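**Q** As input, take start_13.txt (compact mmCIF, N, CA and C atoms):
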```txt
# COMPACT_ATOMS: atom_id res chain seq x y z
N MET A 14 56.72 -50.82 -15.21
CA MET A 14 56.04 -50.75 -16.48
C MET A 14 56.06 -52.10 -17.19
N ILE A 15 57.21 -52.80 -17.13
CA ILE A 15 57.31 -54.11 -17.78
C ILE A 15 56.35 -55.09 -17.13
N ASN A 16 56.22 -55.04 -15.80
CA ASN A 16 55.30 -55.92 -15.10
C ASN A 16 53.86 -55.69 -15.55
N LEU A 17 53.48 -54.43 -15.76
CA LEU A 17 52.14 -54.09 -16.23
C LEU A 17 51.90 -54.64 -17.63
N VAL A 18 52.88 -54.50 -18.52
CA VAL A 18 52.76 -55.02 -19.87
C VAL A 18 52.63 -56.54 -19.83
N TYR A 19 53.41 -57.18 -18.96
CA TYR A 19 53.34 -58.65 -18.82
C TYR A 19 51.95 -59.07 -18.36
N LYS A 20 51.41 -58.39 -17.37
CA LYS A 20 50.08 -58.73 -16.87
C LYS A 20 49.01 -58.52 -17.93
N LEU A 21 49.11 -57.43 -18.69
CA LEU A 21 48.14 -57.18 -19.75
C LEU A 21 48.23 -58.23 -20.84
N SER A 22 49.44 -58.68 -21.16
CA SER A 22 49.58 -59.72 -22.19
C SER A 22 48.98 -61.03 -21.71
N LEU A 23 49.05 -61.31 -20.42
CA LEU A 23 48.45 -62.54 -19.89
C LEU A 23 46.93 -62.48 -19.97
N ILE A 24 46.36 -61.30 -19.76
CA ILE A 24 44.91 -61.16 -19.80
C ILE A 24 44.40 -61.40 -21.22
N ILE A 25 45.12 -60.94 -22.20
CA ILE A 25 44.69 -61.08 -23.59
C ILE A 25 44.79 -62.53 -24.06
N MET A 26 45.82 -63.23 -23.64
CA MET A 26 46.05 -64.60 -24.12
C MET A 26 45.25 -65.60 -23.29
N SER A 27 44.74 -66.63 -23.94
CA SER A 27 44.08 -67.73 -23.26
C SER A 27 44.69 -69.01 -23.78
N GLU A 28 45.25 -69.79 -22.89
CA GLU A 28 45.97 -71.00 -23.27
C GLU A 28 45.08 -72.23 -23.05
N SER A 29 45.16 -73.18 -23.97
CA SER A 29 44.41 -74.43 -23.84
C SER A 29 45.31 -75.49 -23.23
N ILE A 30 44.80 -76.16 -22.20
CA ILE A 30 45.56 -77.24 -21.55
C ILE A 30 44.65 -78.45 -21.41
N ASN A 31 45.27 -79.63 -21.30
CA ASN A 31 44.45 -80.83 -21.13
C ASN A 31 44.20 -81.10 -19.65
N ILE A 32 43.28 -82.00 -19.38
CA ILE A 32 42.87 -82.28 -18.00
C ILE A 32 44.04 -82.78 -17.16
N HIS A 33 44.88 -83.61 -17.72
CA HIS A 33 46.03 -84.14 -16.97
C HIS A 33 46.94 -83.00 -16.52
N GLN A 34 47.24 -82.06 -17.42
CA GLN A 34 48.05 -80.90 -17.05
C GLN A 34 47.38 -80.11 -15.93
N ALA A 35 46.09 -79.92 -16.05
CA ALA A 35 45.36 -79.13 -15.05
C ALA A 35 45.45 -79.79 -13.68
N LYS A 36 45.32 -81.12 -13.65
CA LYS A 36 45.36 -81.83 -12.36
C LYS A 36 46.76 -81.80 -11.76
N THR A 37 47.78 -81.99 -12.57
CA THR A 37 49.14 -82.08 -12.03
C THR A 37 49.76 -80.72 -11.73
N GLN A 38 49.27 -79.67 -12.37
CA GLN A 38 49.88 -78.35 -12.20
C GLN A 38 48.89 -77.31 -11.68
N LEU A 39 47.92 -77.74 -10.90
CA LEU A 39 46.86 -76.84 -10.46
C LEU A 39 47.39 -75.63 -9.69
N SER A 40 48.32 -75.84 -8.76
CA SER A 40 48.85 -74.72 -7.97
C SER A 40 49.52 -73.69 -8.87
N LYS A 41 50.31 -74.15 -9.82
CA LYS A 41 50.99 -73.25 -10.76
C LYS A 41 49.96 -72.50 -11.61
N LEU A 42 48.95 -73.22 -12.08
CA LEU A 42 47.92 -72.58 -12.89
C LEU A 42 47.17 -71.51 -12.11
N LEU A 43 46.84 -71.81 -10.85
CA LEU A 43 46.13 -70.83 -10.02
C LEU A 43 46.96 -69.59 -9.78
N SER A 44 48.27 -69.75 -9.63
CA SER A 44 49.15 -68.59 -9.47
C SER A 44 49.11 -67.72 -10.72
N GLN A 45 49.10 -68.35 -11.88
CA GLN A 45 49.04 -67.60 -13.14
C GLN A 45 47.67 -66.96 -13.33
N VAL A 46 46.62 -67.66 -12.91
CA VAL A 46 45.27 -67.10 -13.01
C VAL A 46 45.16 -65.86 -12.14
N ALA A 47 45.79 -65.88 -10.97
CA ALA A 47 45.75 -64.71 -10.09
C ALA A 47 46.39 -63.49 -10.74
N LEU A 48 47.29 -63.71 -11.71
CA LEU A 48 47.92 -62.61 -12.44
C LEU A 48 47.11 -62.19 -13.66
N GLY A 49 46.02 -62.91 -13.94
CA GLY A 49 45.17 -62.53 -15.06
C GLY A 49 45.14 -63.51 -16.22
N GLN A 50 45.96 -64.54 -16.18
CA GLN A 50 45.99 -65.54 -17.25
C GLN A 50 44.69 -66.34 -17.25
N GLU A 51 44.20 -66.69 -18.41
CA GLU A 51 43.02 -67.54 -18.53
C GLU A 51 43.42 -68.84 -19.22
N PHE A 52 42.81 -69.94 -18.79
CA PHE A 52 43.08 -71.25 -19.37
C PHE A 52 41.79 -71.91 -19.78
N THR A 53 41.83 -72.58 -20.92
CA THR A 53 40.72 -73.41 -21.35
C THR A 53 41.15 -74.85 -21.11
N ILE A 54 40.37 -75.59 -20.34
CA ILE A 54 40.69 -76.98 -20.03
C ILE A 54 39.94 -77.86 -21.02
N ALA A 55 40.69 -78.75 -21.68
CA ALA A 55 40.11 -79.58 -22.73
C ALA A 55 40.21 -81.06 -22.37
N ASN A 56 39.22 -81.82 -22.81
CA ASN A 56 39.21 -83.28 -22.66
C ASN A 56 39.32 -83.87 -24.07
N ARG A 57 40.48 -84.45 -24.35
CA ARG A 57 40.77 -85.00 -25.68
C ARG A 57 40.61 -83.95 -26.77
N GLY A 58 41.07 -82.74 -26.48
CA GLY A 58 41.03 -81.66 -27.46
C GLY A 58 39.72 -80.89 -27.52
N VAL A 59 38.72 -81.33 -26.76
CA VAL A 59 37.42 -80.65 -26.76
C VAL A 59 37.33 -79.77 -25.51
N PRO A 60 37.18 -78.45 -25.66
CA PRO A 60 37.08 -77.57 -24.49
C PRO A 60 35.88 -77.93 -23.62
N VAL A 61 36.12 -78.04 -22.30
CA VAL A 61 35.04 -78.38 -21.37
C VAL A 61 34.90 -77.37 -20.23
N ALA A 62 35.94 -76.58 -19.97
CA ALA A 62 35.86 -75.62 -18.86
C ALA A 62 36.84 -74.49 -19.11
N LYS A 63 36.61 -73.40 -18.39
CA LYS A 63 37.50 -72.25 -18.48
C LYS A 63 37.93 -71.86 -17.08
N LEU A 64 39.22 -71.68 -16.89
CA LEU A 64 39.78 -71.29 -15.60
C LEU A 64 40.13 -69.80 -15.71
N ILE A 65 39.37 -68.96 -14.99
CA ILE A 65 39.53 -67.51 -15.08
C ILE A 65 39.64 -66.92 -13.68
N PRO A 66 40.16 -65.69 -13.57
CA PRO A 66 40.25 -65.06 -12.25
C PRO A 66 38.86 -64.86 -11.64
N TYR A 67 38.78 -65.02 -10.32
CA TYR A 67 37.53 -64.84 -9.60
C TYR A 67 37.27 -63.36 -9.42
N THR A 68 36.03 -62.95 -9.67
CA THR A 68 35.61 -61.58 -9.37
C THR A 68 34.39 -61.67 -8.46
N PRO A 69 34.47 -61.08 -7.28
CA PRO A 69 33.34 -61.17 -6.34
C PRO A 69 32.11 -60.47 -6.90
N PRO A 70 30.92 -60.99 -6.58
CA PRO A 70 29.69 -60.36 -7.07
C PRO A 70 29.48 -59.00 -6.43
N ASP A 71 28.79 -58.14 -7.12
CA ASP A 71 28.46 -56.83 -6.59
C ASP A 71 27.27 -56.98 -5.66
N SER A 72 27.55 -57.09 -4.36
CA SER A 72 26.49 -57.39 -3.40
C SER A 72 25.47 -56.26 -3.28
N LYS A 73 25.84 -55.04 -3.57
CA LYS A 73 24.90 -53.93 -3.47
C LYS A 73 23.80 -54.07 -4.53
N ARG A 74 24.17 -54.64 -5.68
CA ARG A 74 23.20 -54.80 -6.75
C ARG A 74 22.28 -55.99 -6.49
N ASP A 75 22.77 -57.00 -5.78
CA ASP A 75 22.00 -58.21 -5.56
C ASP A 75 20.83 -58.01 -4.61
N ARG A 76 20.99 -57.20 -3.58
CA ARG A 76 19.94 -57.06 -2.58
C ARG A 76 19.72 -55.59 -2.27
N ILE A 77 18.48 -55.18 -2.38
CA ILE A 77 18.10 -53.81 -2.06
C ILE A 77 17.05 -53.89 -0.95
N PRO A 78 17.43 -53.57 0.30
CA PRO A 78 16.47 -53.64 1.39
C PRO A 78 15.25 -52.75 1.13
N GLY A 79 14.08 -53.29 1.38
CA GLY A 79 12.84 -52.54 1.22
C GLY A 79 12.32 -52.47 -0.20
N ARG A 80 12.94 -53.19 -1.11
CA ARG A 80 12.54 -53.13 -2.51
C ARG A 80 11.11 -53.60 -2.73
N LEU A 81 10.64 -54.54 -1.93
CA LEU A 81 9.29 -55.09 -2.10
C LEU A 81 8.30 -54.55 -1.07
N THR A 82 8.61 -53.43 -0.45
CA THR A 82 7.71 -52.83 0.53
C THR A 82 6.34 -52.57 -0.09
N ALA A 83 5.30 -52.99 0.61
CA ALA A 83 3.91 -52.82 0.21
C ALA A 83 3.52 -53.68 -0.99
N GLN A 84 4.37 -54.58 -1.43
CA GLN A 84 4.05 -55.48 -2.54
C GLN A 84 3.73 -56.89 -2.06
N ILE A 85 4.10 -57.20 -0.82
CA ILE A 85 3.87 -58.52 -0.26
C ILE A 85 3.00 -58.36 0.98
N LYS A 86 1.94 -59.18 1.06
CA LYS A 86 1.07 -59.14 2.23
C LYS A 86 1.09 -60.51 2.88
N ILE A 87 1.40 -60.54 4.14
CA ILE A 87 1.40 -61.78 4.91
C ILE A 87 0.17 -61.76 5.81
N SER A 88 -0.68 -62.76 5.66
CA SER A 88 -1.91 -62.77 6.46
C SER A 88 -1.59 -62.99 7.93
N ASP A 89 -2.49 -62.56 8.78
CA ASP A 89 -2.27 -62.65 10.22
C ASP A 89 -2.25 -64.09 10.70
N ASP A 90 -2.90 -65.02 9.98
CA ASP A 90 -2.96 -66.41 10.42
C ASP A 90 -2.02 -67.33 9.62
N PHE A 91 -0.98 -66.77 9.03
CA PHE A 91 -0.10 -67.59 8.19
C PHE A 91 0.59 -68.70 8.98
N ASN A 92 0.77 -68.52 10.25
CA ASN A 92 1.48 -69.50 11.06
C ASN A 92 0.54 -70.47 11.77
N GLU A 93 -0.75 -70.33 11.57
CA GLU A 93 -1.73 -71.22 12.20
C GLU A 93 -1.80 -72.54 11.42
N PRO A 94 -2.06 -73.65 12.11
CA PRO A 94 -2.17 -74.93 11.41
C PRO A 94 -3.36 -74.96 10.46
N ASP A 95 -3.18 -75.57 9.32
CA ASP A 95 -4.23 -75.69 8.31
C ASP A 95 -4.93 -77.03 8.54
N GLU A 96 -6.17 -76.99 9.01
CA GLU A 96 -6.90 -78.21 9.36
C GLU A 96 -7.04 -79.15 8.16
N GLU A 97 -7.29 -78.63 7.00
CA GLU A 97 -7.44 -79.48 5.81
C GLU A 97 -6.13 -80.18 5.48
N MET A 98 -5.03 -79.49 5.59
CA MET A 98 -3.72 -80.10 5.32
C MET A 98 -3.41 -81.18 6.36
N ILE A 99 -3.75 -80.93 7.60
CA ILE A 99 -3.52 -81.93 8.66
C ILE A 99 -4.32 -83.19 8.37
N ARG A 100 -5.59 -83.04 7.95
CA ARG A 100 -6.41 -84.20 7.59
C ARG A 100 -5.82 -84.97 6.41
N LEU A 101 -5.32 -84.24 5.42
CA LEU A 101 -4.74 -84.90 4.25
C LEU A 101 -3.49 -85.71 4.61
N ILE A 102 -2.71 -85.20 5.54
CA ILE A 102 -1.46 -85.87 5.92
C ILE A 102 -1.72 -87.01 6.89
N TYR A 103 -2.50 -86.76 7.95
CA TYR A 103 -2.69 -87.73 9.02
C TYR A 103 -3.99 -88.52 8.90
N GLY A 104 -4.90 -88.07 8.07
CA GLY A 104 -6.18 -88.75 7.95
C GLY A 104 -7.14 -88.28 9.03
N ASP A 105 -8.36 -88.78 8.98
CA ASP A 105 -9.35 -88.42 10.00
C ASP A 105 -9.12 -89.25 11.25
N GLU A 106 -9.08 -88.59 12.37
CA GLU A 106 -8.85 -89.32 13.63
C GLU A 106 -10.00 -89.14 14.56
```
What does this structure look like when you write it as C-alpha cells?
**A**
Amino acid sequence: MINLVYKLSLIIMSESINIHQAKTQLSKLLSQVALGQEFTIANRGVPVAKLIPYTPPDSKRDRIPGRLTAQIKISDDFNEPDEEMIRLIYGDE
C-alpha cells in the first residue's frame, strides 16, 4: 500500500531540473520516470522540455484495414511510363 501511495505521489508532482542535472543524472531520472515521476527540463530557468513516462500508441486506432475500400481508384496504366514526363526530363531525342 505504501508503494502505491509513493507511486501516486510521484505522478502528481512534477519537478523542474536544469539541463546540466539532466545530462549528468539521466539514468537516475529515467528510473524515476519509469515509476511515474515527471520532470520539466529548463535552460536558465526557462522550461524547454518535459520528461514523462512513455505510453505506446494505440495501434488499433491508427490503422483500420479496408477503411478506404471503394474510395480510391487506381487506373490500369498507373505504372506505364508517361511520355510527356519523359520528354520534360530528358528532352526530345
**Q** At a cut-off of 8 Å, using only N, CA and C atoms, what residues contact region 30-44 of chain A? Leave out same-chain residues fewer than 6 positions from it and give the result as a list in words.
**A**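 Surrounding residues, per the criterion: Gln50, Phe52, Thr53, Ile54, Ala55, Asn56, Arg57 and Gly58 of chain A.
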**Q** What's around Pro66 (chain A) at 9 Å? Count only C-alpha atoms, leave out sequence neighbours fewer than 5 positions away in its own chain, and write the answer as a list in words.
**A** Leu43, Val46, Ala47, Leu48, Gly49, Gln50 and Glu51 of chain A
**Q** Provide the atom C of Val61 (chain A) to CA of Gln45 (chain A) distance in Å, to one decimal place.
**A**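 Separating atom C of Val61 (chain A) from CA of Gln45 (chain A) is a distance of 18.6 Å.
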**Q** Would you compute the distance between CA of Glu28 (chain A) and CA of Tyr67 (chain A)? Give it in Å to one decimal.
**A**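 For CA of Glu28 (chain A) relative to CA of Tyr67 (chain A), the distance reads 17.2 Å.
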**Q** What gap, in Å, lies between atom C of Asp90 (chain A) and CA of Gly104 (chain A)?
**A**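 Distance between the two atoms: 21.9 Å.
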**Q** Box in all listed atoms of region 53-66 of chain A, axis-aligned, with 3 Å more on each side; write out centre and edge lengths in Å to one decimal as lines of an AutoDock Vina configuration file.
**A**
```
center_x = 38.4
center_y = -74.9
center_z = -19.6
size_x = 12.9
size_y = 26.1
size_z = 21.9
```
